[in-house]
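Structure file target-v7.pdb (PDB, C-alpha atoms and all ligand atoms) is printed below.
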```pdb
MODEL        1
ATOM      1  CA  MET A  16     -24.463 -37.305  11.027
ATOM      2  CA  ALA A  17     -23.904 -40.236   8.714
ATOM      3  CA  ASP A  18     -20.406 -41.167   7.642
ATOM      4  CA  TYR A  19     -20.009 -40.671   3.879
ATOM      5  CA  SER A  20     -16.243 -41.220   3.822
ATOM      6  CA  SER A  21     -16.674 -44.450   1.903
ATOM      7  CA  CYS A  22     -19.053 -42.894  -0.664
ATOM      8  CA  SER A  23     -17.999 -41.348  -3.939
ATOM      9  CA  THR A  24     -17.916 -37.517  -4.283
ATOM     10  CA  GLU A  25     -21.097 -37.598  -6.367
ATOM     11  CA  ASN A  26     -22.994 -39.504  -3.707
ATOM     12  CA  ARG A  27     -21.694 -37.287  -0.933
ATOM     13  CA  ASN A  28     -22.907 -34.110  -2.756
ATOM     14  CA  LEU A  29     -26.273 -35.767  -3.267
ATOM     15  CA  PHE A  30     -26.798 -36.315   0.436
ATOM     16  CA  THR A  31     -25.114 -33.255   1.900
ATOM     17  CA  PRO A  32     -27.422 -30.240   1.828
ATOM     18  CA  CYS A  33     -25.979 -26.943   0.634
ATOM     19  CA  ALA A  34     -25.171 -24.310   3.275
ATOM     20  CA  ALA A  35     -28.347 -22.385   2.401
ATOM     21  CA  CYS A  36     -30.740 -25.317   2.743
ATOM     22  CA  LYS A  37     -29.018 -26.510   5.907
ATOM     23  CA  PHE A  38     -29.391 -23.064   7.462
ATOM     24  CA  LEU A  39     -33.015 -22.709   6.310
ATOM     25  CA  ARG A  40     -33.708 -26.294   7.509
ATOM     26  CA  ARG A  41     -35.254 -27.298   4.215
ATOM     27  CA  ARG A  42     -34.670 -30.259   1.953
ATOM     28  CA  CYS A  43     -31.865 -29.633  -0.554
ATOM     29  CA  LEU A  44     -32.924 -31.058  -3.902
ATOM     30  CA  GLU A  45     -30.624 -32.063  -6.726
ATOM     31  CA  ASP A  46     -31.645 -28.974  -8.749
ATOM     32  CA  CYS A  47     -31.306 -26.604  -5.770
ATOM     33  CA  LEU A  48     -30.719 -23.091  -7.145
ATOM     34  CA  LEU A  49     -28.454 -22.117  -4.231
ATOM     35  CA  LYS A  50     -26.363 -25.284  -4.098
ATOM     36  CA  PRO A  51     -23.641 -24.300  -6.632
ATOM     37  CA  TYR A  52     -22.997 -20.992  -4.871
ATOM     38  CA  PHE A  53     -23.325 -21.881  -1.200
ATOM     39  CA  PRO A  54     -21.332 -25.073  -0.655
ATOM     40  CA  PRO A  55     -21.691 -26.851   2.712
ATOM     41  CA  ASN A  56     -18.047 -26.180   3.621
ATOM     42  CA  GLU A  57     -18.593 -22.394   3.512
ATOM     43  CA  PRO A  58     -21.631 -21.858   5.760
ATOM     44  CA  MET A  59     -20.813 -18.231   6.632
ATOM     45  CA  LYS A  60     -21.283 -17.096   3.012
ATOM     46  CA  PHE A  61     -25.014 -17.797   3.168
ATOM     47  CA  ILE A  62     -25.469 -16.812   6.833
ATOM     48  CA  VAL A  63     -24.043 -13.326   6.212
ATOM     49  CA  ALA A  64     -25.834 -12.811   2.864
ATOM     50  CA  HIS A  65     -29.144 -14.033   4.375
ATOM     51  CA  LYS A  66     -28.777 -11.741   7.407
ATOM     52  CA  ILE A  67     -28.425  -8.648   5.205
ATOM     53  CA  PHE A  68     -30.551  -9.418   2.109
ATOM     54  CA  GLY A  69     -32.822 -12.293   3.156
ATOM     55  CA  ALA A  70     -33.077 -15.687   1.459
ATOM     56  CA  SER A  71     -36.015 -14.695  -0.782
ATOM     57  CA  ASN A  72     -34.108 -11.723  -2.233
ATOM     58  CA  ILE A  73     -31.038 -13.876  -2.890
ATOM     59  CA  ILE A  74     -33.193 -16.461  -4.683
ATOM     60  CA  LYS A  75     -34.964 -13.717  -6.673
ATOM     61  CA  VAL A  76     -31.622 -12.214  -7.800
ATOM     62  CA  LEU A  77     -30.368 -15.633  -8.905
ATOM     63  CA  LYS A  78     -33.601 -16.447 -10.788
ATOM     64  CA  ASP A  79     -33.488 -13.124 -12.674
ATOM     65  CA  LEU A  80     -29.934 -13.710 -13.911
ATOM     66  CA  PRO A  81     -28.506 -16.063 -16.538
ATOM     67  CA  ALA A  82     -26.515 -18.940 -15.027
ATOM     68  CA  THR A  83     -23.219 -17.456 -16.264
ATOM     69  CA  GLN A  84     -23.670 -14.342 -14.087
ATOM     70  CA  ARG A  85     -24.933 -15.996 -10.919
ATOM     71  CA  GLY A  86     -21.517 -16.786  -9.468
ATOM     72  CA  ASP A  87     -20.399 -13.148  -9.771
ATOM     73  CA  ALA A  88     -23.749 -11.966  -8.363
ATOM     74  CA  VAL A  89     -23.378 -14.206  -5.287
ATOM     75  CA  ASN A  90     -19.802 -13.012  -4.747
ATOM     76  CA  SER A  91     -21.022  -9.400  -4.932
ATOM     77  CA  LEU A  92     -23.904 -10.075  -2.526
ATOM     78  CA  VAL A  93     -21.580 -11.776  -0.029
ATOM     79  CA  TYR A  94     -19.002  -8.983  -0.333
ATOM     80  CA  GLU A  95     -21.631  -6.286   0.160
ATOM     81  CA  ALA A  96     -23.181  -8.219   3.072
ATOM     82  CA  ASN A  97     -19.791  -8.438   4.812
ATOM     83  CA  ALA A  98     -19.260  -4.708   4.226
ATOM     84  CA  ARG A  99     -22.750  -3.971   5.642
ATOM     85  CA  MET A 100     -21.942  -6.033   8.737
ATOM     86  CA  ARG A 101     -18.891  -3.821   9.371
ATOM     87  CA  ASP A 102     -20.545  -0.551   8.269
ATOM     88  CA  PRO A 103     -24.378  -0.849   8.345
ATOM     89  CA  ILE A 104     -24.941   2.642   6.875
ATOM     90  CA  TYR A 105     -22.515   2.898   3.967
ATOM     91  CA  GLY A 106     -21.449  -0.724   3.357
ATOM     92  CA  SER A 107     -18.946  -1.087   0.530
ATOM     93  CA  ALA A 108     -19.452   2.604  -0.404
ATOM     94  CA  GLY A 109     -17.941   3.406   3.023
ATOM     95  CA  VAL A 110     -14.911   1.238   2.215
ATOM     96  CA  ILE A 111     -14.504   3.004  -1.158
ATOM     97  CA  SER A 112     -14.853   6.430   0.492
ATOM     98  CA  HIS A 113     -12.294   5.499   3.187
ATOM     99  CA  LEU A 114      -9.837   4.223   0.557
ATOM    100  CA  HIS A 115     -10.383   7.359  -1.532
ATOM    101  CA  ASP A 116      -9.577   9.559   1.491
ATOM    102  CA  GLN A 117      -6.456   7.485   2.155
ATOM    103  CA  MET A 118      -5.402   7.814  -1.491
ATOM    104  CA  THR A 119      -5.848  11.619  -1.388
ATOM    105  CA  LYS A 120      -3.738  11.860   1.793
ATOM    106  CA  LEU A 121      -1.036   9.589   0.354
ATOM    107  CA  GLN A 122      -0.971  11.561  -2.906
ATOM    108  CA  ALA A 123      -0.433  14.748  -0.872
ATOM    109  CA  GLN A 124       2.404  13.013   1.035
ATOM    110  CA  VAL A 125       3.980  11.871  -2.263
ATOM    111  CA  ALA A 126       3.745  15.418  -3.661
ATOM    112  CA  LEU A 127       5.372  16.805  -0.490
ATOM    113  CA  ALA A 128       8.137  14.173  -0.603
ATOM    114  CA  GLN A 129       8.770  14.937  -4.287
ATOM    115  CA  ALA A 130       9.023  18.669  -3.513
ATOM    116  CA  GLN A 131      11.494  17.885  -0.690
ATOM    117  CA  ILE A 132      13.549  15.648  -3.020
ATOM    118  CA  SER A 133      13.599  18.384  -5.666
ATOM    119  CA  ASN A 134      14.648  20.951  -3.046
ATOM    120  CA  LEU A 135      17.433  18.686  -1.718
ATOM    121  CA  GLN A 136      18.621  17.951  -5.255
ATOM    122  CA  SER A 137      18.954  21.660  -6.024
ATOM    123  CA  GLN A 138      20.759  22.208  -2.679
ATOM    124  CA  ASN A 139      23.074  19.323  -3.553
ATOM    125  CA  ALA A 140      23.722  20.797  -7.015
ATOM    126  CA  ASN A 141      24.612  24.151  -5.404
ATOM    127  CA  LEU A 142      27.001  22.419  -2.987
ATOM    128  CA  MET A 143      28.643  20.510  -5.847
ATOM    129  CA  THR A 144      29.436  23.796  -7.612
ATOM    130  CA  LEU A 145      31.164  25.018  -4.435
ATOM    131  CA  ILE A 146      33.234  21.872  -3.721
ATOM    132  CA  PRO A 147      35.699  22.133  -6.686
ATOM    133  CA  LYS A 148      36.508  25.746  -5.690
ATOM    134  CA  GLN A 149      37.153  24.688  -2.094
ATOM    135  CA  GLN A 150      39.358  21.859  -3.301
ATOM    136  CA  SER A 151      41.472  24.170  -5.513
ATOM    137  CA  LEU A 152      41.753  26.651  -2.634
ATOM    138  CA  SER A 153      42.915  23.962  -0.228
ATOM    139  CA  ASP A 154      45.332  22.593  -2.859
ATOM    140  CA  HIS A 155      46.716  26.073  -3.315
ATOM    141  CA  HIS A 156      46.929  26.556   0.444
ATOM    142  CA  TYR A 157      48.708  23.213   0.829
ATOM    143  CA  LYS A 158      51.295  24.032  -1.858
ATOM    144  CA  PHE A 159      51.694  27.529  -0.520
ATOM    145  CA  GLN A 160      52.412  26.250   2.982
ATOM    146  CA  ASN A 161      54.863  23.616   1.853
ATOM    147  CA  SER A 162      56.767  25.530  -0.793
ATOM    148  CA  THR A 163      57.054  28.871   0.963
ATOM    149  CA  PRO A 164      59.269  29.129   4.023
ATOM    150  CA  LEU A 165      58.027  31.226   6.888
ATOM    151  CA  SER A 166      60.751  33.138   8.696
ATOM    152  CA  TYR A 167      61.079  35.783  11.373
ATOM    153  CA  ASP A 168      63.545  38.578  11.038
ATOM    154  CA  ASP A 169      64.823  39.446  14.489
ATOM    155  CA  ASN A 170      66.251  42.747  13.287
ATOM    156  CA  THR A 171      63.084  44.127  11.718
ATOM    157  CA  GLU A 172      60.737  42.069  13.946
ATOM    158  CA  ILE A 173      58.645  41.179  10.866
ATOM    159  CA  TRP A 174      57.472  37.744   9.744
ATOM    160  CA  HIS A 175      58.477  36.783   6.195
ATOM    161  CA  LEU A 176      56.627  34.309   4.018
ATOM    162  CA  GLY A 177      59.151  33.514   1.327
ATOM    163  CA  ASP A 178      59.945  36.855  -0.181
ATOM    164  CA  THR A 179      56.656  38.331   1.011
ATOM    165  CA  THR A 180      56.477  40.196   4.294
ATOM    166  CA  TRP A 181      53.584  39.485   6.637
ATOM    167  CA  ASP A 182      52.204  42.999   6.140
ATOM    168  CA  SER A 183      52.168  42.881   2.351
ATOM    169  CA  PHE A 184      50.717  39.361   2.413
ATOM    170  CA  TRP A 185      47.577  40.610   4.140
ATOM    171  CA  SER A 186      47.337  43.962   2.317
TER     172      SER A 186
HETATM  173 ZN    ZN A 201     -29.748 -26.366  -1.301
ENDMDL
END
```

Target format structure tokens, applied to this file:
Amino acid sequence: MADYSSCSTENRNLFTPCAACKFLRRRCLEDCLLKPYFPPNEPMKFIVAHKIFGASNIIKVLKDLPATQRGDAVNSLVYEANARMRDPIYGSAGVISHLHDQMTKLQAQVALAQAQISNLQSQNANLMTLIPKQQSLSDHHYKFQNSTPLSYDDNTEIWHLGDTTWDSFWS
């Protein structure tokens, strides 16, 4: 291969065939239809698209379209060709179907997680209504224990809690 490192970019493009012409072993002319879309530094784009659709079909698609839509058309052909290489039957439709299934499963997981969150939130709300009561009970218990002396009367053999006897405390 000749060394074009000293040439200008314009000259280099003139002498370097596009990826399509290089693969098809044909002369790449200045007005080559494929040249803008299959640059020599991306050979796999044409190889994959050619393997699935064939060079003549690619050329036909490009000829039938206005120049402004050709770039998008080539990108679509290359994308579909890559998808067909991975999934020869369904191609990109298989990818869409797989992603749709994934989305349905993930939506079900999100719905389940939201239901669990809602359930936990209502459980939490129920617990919060109980906590203040428990706190006031424990406060009461604390004061009760500290302010009321507990004593045992040896004569009557009865425990006294302040002025309250053990029996009446529990009755
Ligand atoms: Zn070419």

Counting all atoms listed in the file, which residues of chain A fall within 12 Å of ligand ZN 201 (chain A), and what is the closest atom pair for each with its distance in Å at one decimal, ordered by chain and rising number, as CSV?
```
residue,atom,partner,partner_atom,distance
A:Asn28,CA,A:ZN201,ZN,10.4
A:Leu29,CA,A:ZN201,ZN,10.2
A:Phe30,CA,A:ZN201,ZN,10.5
A:Thr31,CA,A:ZN201,ZN,8.9
A:Pro32,CA,A:ZN201,ZN,5.5
A:Cys33,CA,A:ZN201,ZN,4.3
A:Ala34,CA,A:ZN201,ZN,6.8
A:Ala35,CA,A:ZN201,ZN,5.6
A:Cys36,CA,A:ZN201,ZN,4.3
A:Lys37,CA,A:ZN201,ZN,7.2
A:Phe38,CA,A:ZN201,ZN,9.4
A:Leu39,CA,A:ZN201,ZN,9.1
A:Arg40,CA,A:ZN201,ZN,9.7
A:Arg41,CA,A:ZN201,ZN,7.8
A:Arg42,CA,A:ZN201,ZN,7.1
A:Cys43,CA,A:ZN201,ZN,4.0
A:Leu44,CA,A:ZN201,ZN,6.2
A:Glu45,CA,A:ZN201,ZN,7.9
A:Asp46,CA,A:ZN201,ZN,8.1
A:Cys47,CA,A:ZN201,ZN,4.7
A:Leu48,CA,A:ZN201,ZN,6.8
A:Leu49,CA,A:ZN201,ZN,5.3
A:Lys50,CA,A:ZN201,ZN,4.5
A:Pro51,CA,A:ZN201,ZN,8.4
A:Tyr52,CA,A:ZN201,ZN,9.3
A:Phe53,CA,A:ZN201,ZN,7.8
A:Pro54,CA,A:ZN201,ZN,8.5
A:Pro55,CA,A:ZN201,ZN,9.0
A:Pro58,CA,A:ZN201,ZN,11.7
A:Phe61,CA,A:ZN201,ZN,10.8
A:Ala70,CA,A:ZN201,ZN,11.5
A:Ile74,CA,A:ZN201,ZN,11.0
```

In Å, how far is it from CA of Ala82 (chain A) to CA of Tyr105 (chain A)? 29.2 Å

Any idea what the distance is between CA of Asp87 (chain A) and CA of Asp116 (chain A)?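 We find that CA of Asp87 (chain A) and CA of Asp116 (chain A) lie 27.6 Å from each other.
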
List the residues selected by the PyMOL selection byres (((chain A and resi 98) around 12) and not hetatm) in the file shown, writing them as a list in words. Val63, Ala64, Ile67, Ser91, Leu92, Val93, Tyr94, Glu95, Ala96, Asn97, Arg99, Met100, Arg101, Asp102, Pro103, Ile104, Tyr105, Gly106, Ser107, Ala108, Gly109, Val110 and Ile111 of chain A
